[in-house]
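Structure file data.txt; described as compact mmCIF, C-alpha atoms and all ligand atoms.
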```txt
# COMPACT_ATOMS: atom_id res chain seq x y z
CA MET A 284 0.00 0.00 0.00
CA THR A 285 1.35 3.44 -0.86
CA ALA A 286 2.17 5.58 2.17
CA ILE A 287 0.39 8.91 2.30
CA ASN A 288 2.89 11.68 2.21
CA PRO A 289 2.43 14.34 3.53
CA PRO A 290 0.21 12.78 6.17
CA CYS A 291 -3.51 13.29 6.20
CA LEU A 292 -4.36 16.89 5.29
CA ALA A 293 -7.66 18.49 6.28
CA PHE A 294 -9.90 19.81 3.51
CA PRO A 295 -9.05 23.54 3.29
CA VAL A 296 -11.55 25.85 4.98
CA ALA A 297 -12.21 27.65 1.67
CA VAL A 298 -13.19 24.35 0.04
CA VAL A 299 -15.47 23.42 2.91
CA ASN A 300 -17.13 26.84 2.67
CA THR A 301 -17.57 26.44 -1.09
CA VAL A 302 -19.40 23.16 -0.50
CA ILE A 303 -21.62 24.66 2.19
CA ASP A 304 -22.48 27.79 0.18
CA ALA A 305 -23.26 25.80 -2.97
CA LEU A 306 -25.52 23.39 -1.10
CA VAL A 307 -27.56 26.35 0.07
CA GLU A 308 -27.59 28.13 -3.29
CA LYS A 309 -28.14 25.32 -5.77
CA GLY A 310 -28.00 21.99 -3.97
CA TYR A 311 -24.87 20.67 -5.66
CA VAL A 312 -21.23 21.52 -6.31
CA ILE A 313 -18.36 20.20 -8.42
CA ILE A 314 -14.83 20.78 -7.15
CA ASP A 315 -11.60 19.94 -8.94
CA ASP A 316 -8.53 18.79 -6.99
CA PHE A 317 -10.72 18.15 -4.01
CA LEU A 318 -8.39 15.53 -2.55
CA PRO A 319 -4.63 16.02 -2.26
CA GLN A 320 -2.90 14.16 -5.11
CA GLU A 321 -1.14 11.78 -2.75
CA LEU A 322 -4.40 10.68 -1.22
CA THR A 323 -6.10 10.27 -4.59
CA GLN A 324 -3.14 8.17 -5.70
CA ALA A 325 -3.14 6.03 -2.56
CA LEU A 326 -6.89 5.38 -2.88
CA ARG A 327 -6.51 4.64 -6.58
CA ASN A 328 -3.75 2.11 -5.85
CA GLU A 329 -5.96 0.46 -3.26
CA ILE A 330 -8.93 0.00 -5.51
CA ILE A 331 -6.72 -1.33 -8.31
CA VAL A 332 -5.23 -3.91 -5.93
CA LEU A 333 -8.66 -4.85 -4.54
CA ASN A 334 -10.08 -5.15 -8.03
CA GLY A 335 -7.17 -7.38 -9.00
CA LYS A 336 -8.11 -9.74 -6.17
CA GLY A 337 -11.74 -9.64 -7.28
CA ILE A 338 -14.62 -7.53 -5.98
CA ASP A 339 -18.36 -8.01 -6.29
CA ARG A 340 -20.95 -6.65 -8.64
CA ALA A 341 -23.02 -3.93 -6.99
CA GLY A 342 -26.58 -4.79 -6.04
CA ILE A 343 -29.79 -2.85 -5.72
CA GLY A 344 -31.40 -2.61 -2.27
CA ARG A 345 -30.12 -3.78 1.05
CA GLY A 346 -29.61 -6.89 3.14
CA GLY A 347 -31.93 -9.75 2.27
CA GLN A 348 -33.48 -7.72 -0.53
CA LEU A 349 -30.22 -7.09 -2.31
CA GLN A 350 -30.49 -7.96 -5.98
CA VAL A 351 -27.87 -7.84 -8.66
CA ASN A 352 -29.60 -6.29 -11.64
CA THR A 353 -27.12 -5.59 -14.36
CA ASN A 354 -29.72 -3.78 -16.48
CA ILE A 355 -29.60 -0.89 -14.03
CA ARG A 356 -25.96 -0.81 -13.05
CA SER A 357 -22.91 -2.85 -13.89
CA ASP A 358 -20.24 -1.47 -11.58
CA LYS A 359 -18.38 -3.42 -8.91
CA ILE A 360 -18.10 -2.06 -5.39
CA HIS A 361 -16.09 -2.43 -2.21
CA TRP A 362 -17.22 -0.64 0.96
CA LEU A 363 -14.61 1.45 2.76
CA ASN A 364 -14.00 0.17 6.28
CA GLY A 365 -11.07 2.27 7.47
CA SER A 366 -8.65 -0.64 7.22
CA THR A 367 -5.80 1.39 5.65
CA ASP A 368 -4.18 4.77 6.24
CA ALA A 369 -5.64 6.16 3.04
CA GLN A 370 -9.17 5.07 3.94
CA ARG A 371 -8.82 6.35 7.50
CA CYS A 372 -7.62 9.71 6.20
CA TYR A 373 -10.40 9.96 3.65
CA LEU A 374 -13.08 8.96 6.16
CA ALA A 375 -11.74 11.32 8.84
CA GLN A 376 -11.87 14.27 6.43
CA CYS A 377 -15.36 13.35 5.25
CA ASP A 378 -16.43 13.21 8.88
CA ALA A 379 -14.93 16.63 9.55
CA LEU A 380 -16.92 17.95 6.58
CA ARG A 381 -20.05 16.32 8.02
CA ARG A 382 -19.58 18.24 11.27
CA ASP A 383 -18.95 21.52 9.42
CA VAL A 384 -22.08 21.07 7.30
CA ASN A 385 -24.13 20.27 10.40
CA ARG A 386 -22.76 23.29 12.22
CA ASP A 387 -23.70 25.70 9.42
CA LEU A 388 -26.77 24.10 7.88
CA PHE A 389 -28.28 22.15 10.78
CA MET A 390 -28.68 19.12 8.58
CA GLY A 391 -28.33 16.60 11.41
CA LEU A 392 -26.15 14.26 9.35
CA ASN A 393 -24.93 11.54 11.62
CA ASP A 394 -22.91 9.21 9.50
CA TYR A 395 -21.17 8.69 6.21
CA GLU A 396 -20.94 5.44 4.28
CA SER A 397 -18.93 5.03 1.12
CA HIS A 398 -17.72 2.48 -1.38
CA PHE A 399 -15.10 2.25 -4.05
CA ALA A 400 -16.65 1.66 -7.46
CA VAL A 401 -15.03 0.15 -10.53
CA TYR A 402 -16.77 0.56 -13.88
CA GLU A 403 -14.98 -1.72 -16.31
CA PRO A 404 -15.23 -0.80 -20.00
CA SER A 405 -18.88 -0.93 -21.17
CA SER A 406 -20.23 -0.48 -17.62
CA PHE A 407 -22.87 2.13 -16.72
CA TYR A 408 -25.41 3.14 -14.10
CA LYS A 409 -28.80 4.11 -15.50
CA LYS A 410 -30.65 7.22 -14.40
CA HIS A 411 -31.71 7.05 -10.75
CA LEU A 412 -32.16 8.97 -7.53
CA ASP A 413 -30.05 8.03 -4.53
CA ALA A 414 -32.96 8.75 -2.18
CA PHE A 415 -36.70 9.14 -2.49
CA LYS A 416 -38.34 11.98 -0.59
CA GLY A 417 -39.04 10.99 3.00
CA ARG A 418 -38.19 7.37 2.31
CA SER A 419 -34.48 7.20 2.78
CA ASN A 420 -31.90 8.27 5.28
CA ARG A 421 -29.48 9.31 2.57
CA VAL A 422 -29.35 13.10 2.42
CA LEU A 423 -26.13 14.18 0.76
CA THR A 424 -24.28 12.24 -1.95
CA SER A 425 -20.57 12.59 -2.67
CA VAL A 426 -18.61 11.11 -5.55
CA ILE A 427 -14.82 11.41 -5.78
CA TYR A 428 -13.07 10.33 -8.97
CA LEU A 429 -9.82 8.41 -8.83
CA ASN A 430 -8.58 7.94 -12.42
CA GLU A 431 -5.35 9.77 -13.10
CA THR A 432 -6.72 11.34 -16.29
CA TRP A 433 -9.91 11.25 -18.27
CA GLU A 434 -10.35 12.26 -21.88
CA ASP A 435 -13.34 13.46 -23.87
CA GLY A 436 -14.57 10.54 -25.87
CA TRP A 437 -13.95 7.94 -23.16
CA GLY A 438 -17.60 8.14 -22.08
CA GLY A 439 -18.30 7.49 -18.42
CA GLU A 440 -19.63 10.98 -17.75
CA LEU A 441 -21.91 11.54 -14.80
CA VAL A 442 -25.00 13.27 -16.21
CA VAL A 443 -26.95 15.24 -13.63
CA TYR A 444 -30.58 16.29 -14.15
CA ASP A 445 -32.66 18.86 -12.33
CA GLU A 446 -36.10 18.30 -10.86
CA THR A 447 -37.68 18.91 -14.26
CA ASP A 448 -35.42 16.36 -15.94
CA GLN A 449 -33.26 18.86 -17.80
CA VAL A 450 -29.56 18.02 -18.01
CA ILE A 451 -27.69 20.46 -15.79
CA GLU A 452 -24.20 18.93 -15.74
CA ARG A 453 -22.08 16.43 -17.65
CA VAL A 454 -19.18 15.62 -15.38
CA LEU A 455 -16.00 13.97 -16.69
CA PRO A 456 -14.67 11.63 -13.99
CA LYS A 457 -11.25 13.31 -13.73
CA GLY A 458 -9.00 12.22 -10.86
CA GLY A 459 -9.32 14.35 -7.71
CA ARG A 460 -12.62 15.89 -8.84
CA ALA A 461 -15.56 15.70 -6.45
CA ILE A 462 -19.27 16.28 -6.74
CA PHE A 463 -21.66 16.73 -3.83
CA PHE A 464 -25.42 16.89 -4.30
CA LEU A 465 -28.59 16.60 -2.27
CA SER A 466 -29.54 12.95 -2.69
CA GLU A 467 -33.28 13.34 -3.23
CA ARG A 468 -33.15 16.30 -5.62
CA PHE A 469 -30.98 15.27 -8.53
CA PRO A 470 -31.56 12.28 -10.79
CA HIS A 471 -28.27 11.23 -12.37
CA GLU A 472 -26.70 8.51 -14.49
CA VAL A 473 -23.28 7.20 -15.44
CA LEU A 474 -22.93 6.88 -19.21
CA ILE A 475 -21.33 3.80 -20.69
CA THR A 476 -17.61 4.02 -20.17
CA GLN A 477 -14.93 2.99 -22.67
CA GLN A 478 -12.19 2.90 -20.06
CA GLN A 479 -11.93 1.51 -16.57
CA ARG A 480 -13.49 4.19 -14.35
CA LEU A 481 -12.59 4.42 -10.65
CA SER A 482 -14.41 6.37 -7.93
CA ILE A 483 -15.66 6.53 -4.36
CA ALA A 484 -19.38 7.11 -3.96
CA GLY A 485 -20.58 8.07 -0.48
CA TRP A 486 -23.67 9.18 1.40
CA TYR A 487 -24.15 11.35 4.45
CA ARG A 488 -27.14 10.04 6.32
CA ILE A 489 -29.59 10.97 9.00
CA ASN A 490 -31.10 8.66 11.57
CA SER A 491 -34.78 8.52 11.00
CA SER A 492 -37.77 6.41 11.74
CA THR A 493 -38.03 5.72 8.02
CA ALA A 494 -34.74 3.84 8.10
CA ASN A 495 -36.68 0.59 7.79
CA TYR A 496 -37.28 1.44 4.16
CA VAL A 497 -34.88 -0.01 1.69
CA ASP A 498 -32.67 2.70 0.24
CA PRO A 499 -33.07 2.61 -3.49
CA ALA A 500 -30.31 1.54 -5.77
CA HIS A 501 -27.63 0.51 -3.27
O1 LIG B 601 -19.88 7.48 -10.19
C1 LIG B 601 -20.67 8.38 -10.37
O2 LIG B 601 -20.41 9.38 -11.05
C2 LIG B 601 -22.07 8.28 -9.77
C3 LIG B 601 -22.35 6.95 -9.13
C4 LIG B 601 -23.75 6.86 -8.60
O3 LIG B 601 -24.65 7.51 -9.05
C5 LIG B 601 -24.05 5.99 -7.45
O4 LIG B 601 -23.20 5.17 -7.07
O5 LIG B 601 -25.18 6.13 -6.90
FE FE B 602 -26.28 7.61 -7.62
```
Output the file's structure as structure tokens, nothing else.
Ligand SMILES: O=C(O)CCC(=O)C(=O)O
Ligand SMILES: [Fe+2]
Amino acid sequence: MTAINPPCLAFPVAVVNTVIDALVEKGYVIIDDFLPQELTQALRNEIIVLNGKGIDRAGIGRGGQLQVNTNIRSDKIHWLNGSTDAQRCYLAQCDALRRDVNRDLFMGLNDYESHFAVYEPSSFYKKHLDAFKGRSNRVLTSVIYLNETWEDGWGGELVVYDETDQVIERVLPKGGRAIFFLSERFPHEVLITQQQRLSIAGWYRINSSTANYVDPAH
């Protein structure tokens, strides 16, 4: 595993404020070079090693109701569990962001779950919402991209729609780039990729009495 050097840096205050302001103004934000390069590289190395050993196809739903439906999505995922320095650093910074968001926006987020995702060539994730209104405890979605480079023409863009189904963003999954969006407001899809596409998708969640519902699509 690659050592992280310099050791775990906090997200700069200006970046945290950009996220918070954008969530208030428009409900989403895209930030380049969100993670320090060393951390992006360490996380990328990890997912490549894990993928080499073999990781599972993502399912839809949770627990006993988990189904693998490759018509909807065809990525492979591995949940982060804090078992390496890079994961611990990433999770610690995401948790610090959670506390900052709560402090300023009173969102009451109380945890963050995240998984690596590998989209092999010809993989996709059809249009979906990460949370349905009042039926999920997922509130804020984050996606961090881990490829070193990404070129136009490789496909694999994240297409984000607004509440009236108009395309508002086409995001190239460039390494170090991050997107945050309110989970129940923005339908989105991952277009078919031509190249192996690496990322970490994560969700800030609230505790709620509706937590018995199955979160859609994960
Ligand atoms: O990788 C992306 O750009 C988005 C992935 C996604 O929508 C999800 O995992 O729910
Ligand atoms: Fe999603």
**Message:** Please determine, counting only C-alpha atoms, which residue among A:Ser466, A:Asn328, A:Val299, A:Leu388 has the shortest atom-to-atom distance to A:Gln376.
**Reply:**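 Ranking A:Ser466, A:Asn328, A:Val299, A:Leu388 by distance to A:Gln376, first place goes to A:Val299.
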**Using only C-alpha atoms: which of A:Ser397, A:Gln449, A:Ser406, A:Asn352 has the shortest distance to A:Gly365** =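 Nearest to A:Gly365: A:Ser397.
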**Request:** Using only C-alpha atoms and all ligand atoms, find each residue with an atom at most 10 Å away from ligand FE 602 (chain B) and format the answer as a VMD selection string.
**Result:** chain A and resid 408 to 414 424 to 426 441 443 464 466 469 to 473 484 to 486 499 to 501
**Prompt:** Could you list as a PyMOL selection string every residue that has an atom within 7 Å of (-16.2, 5.9, -21.4), using the file's coordinates and counting only C-alpha atoms?
**Reply:** chain A and resi 404+436-439+475-478
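Going from atom CA of A:Thr301 over to atom CA of A:Asp435, you cover 26.6 Å.
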**Message:** Which residue is closest to A:Val307? Choose from A:Asp387, A:Lys457, A:Arg381, A:Asn393 and count all atoms listed in the file.
**Reply:**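 Comparing A:Asp387, A:Lys457, A:Arg381, A:Asn393 against A:Val307, the winner is A:Asp387.
If only C-alpha atoms and all ligand atoms are the atoms counted, then among A:Asn490, A:Ser357, A:Gln370, A:Asn385 the closest residue to ligand LIG 601 (chain B) is A:Ser357.
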**Asked** Between A:Cys377, A:Ile360, A:Ile330, A:Ile303, which has the minimum distance to ligand LIG 601 (chain B) (counting all atoms listed in the file)?
**Response**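 Closest to ligand LIG 601 (chain B) of all the choices is A:Ile360.
Closest to ligand LIG 601 (chain B) among A:Arg327, A:Arg386, A:Arg356, A:Arg468 is A:Arg356, based on only C-alpha atoms and all ligand atoms.
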Find the axis-aligned box for stretch 437-448 of chain A, covering all its listed atoms and adding 5 Å on each side, and write its centre and edge lengths in Å to one decimal as lines of an AutoDock Vina configuration file.
```
center_x = -25.8
center_y = 13.2
center_z = -17.0
size_x = 33.7
size_y = 21.4
size_z = 22.3
```
**Asked** Quick one: distance from atom CA of A:Lys416 to atom CA of A:Ala379 in Å, one decimal?
**Response**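 Separation between atom CA of A:Lys416 and atom CA of A:Ala379: 25.9 Å.
Atom to atom, atom CA of A:Asn430 and atom CA of A:Gln320 stand 11.2 Å apart.
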**Prompt:** Near stretch 338-341 of chain A, within 6 Å and counting only C-alpha atoms, which residues show up once chain neighbours fewer than 2 positions away are dropped, as a ChimeraX atom specification?
**Reply:** /A:334,358-360
Could you turn the residues from that selection into a file that holds C-alpha atoms, as an mmCIF file, keeping the file's coordinate frame?
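File written: part-v6.cif
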```cif
data_model
loop_
_atom_site.group_PDB
_atom_site.id
_atom_site.type_symbol
_atom_site.label_atom_id
_atom_site.label_comp_id
_atom_site.auth_asym_id
_atom_site.auth_seq_id
_atom_site.Cartn_x
_atom_site.Cartn_y
_atom_site.Cartn_z
ATOM 1 C CA ASN A 334 -10.080 -5.150 -8.030
ATOM 2 C CA ASP A 358 -20.240 -1.470 -11.580
ATOM 3 C CA LYS A 359 -18.380 -3.420 -8.910
ATOM 4 C CA ILE A 360 -18.100 -2.060 -5.390
#
```
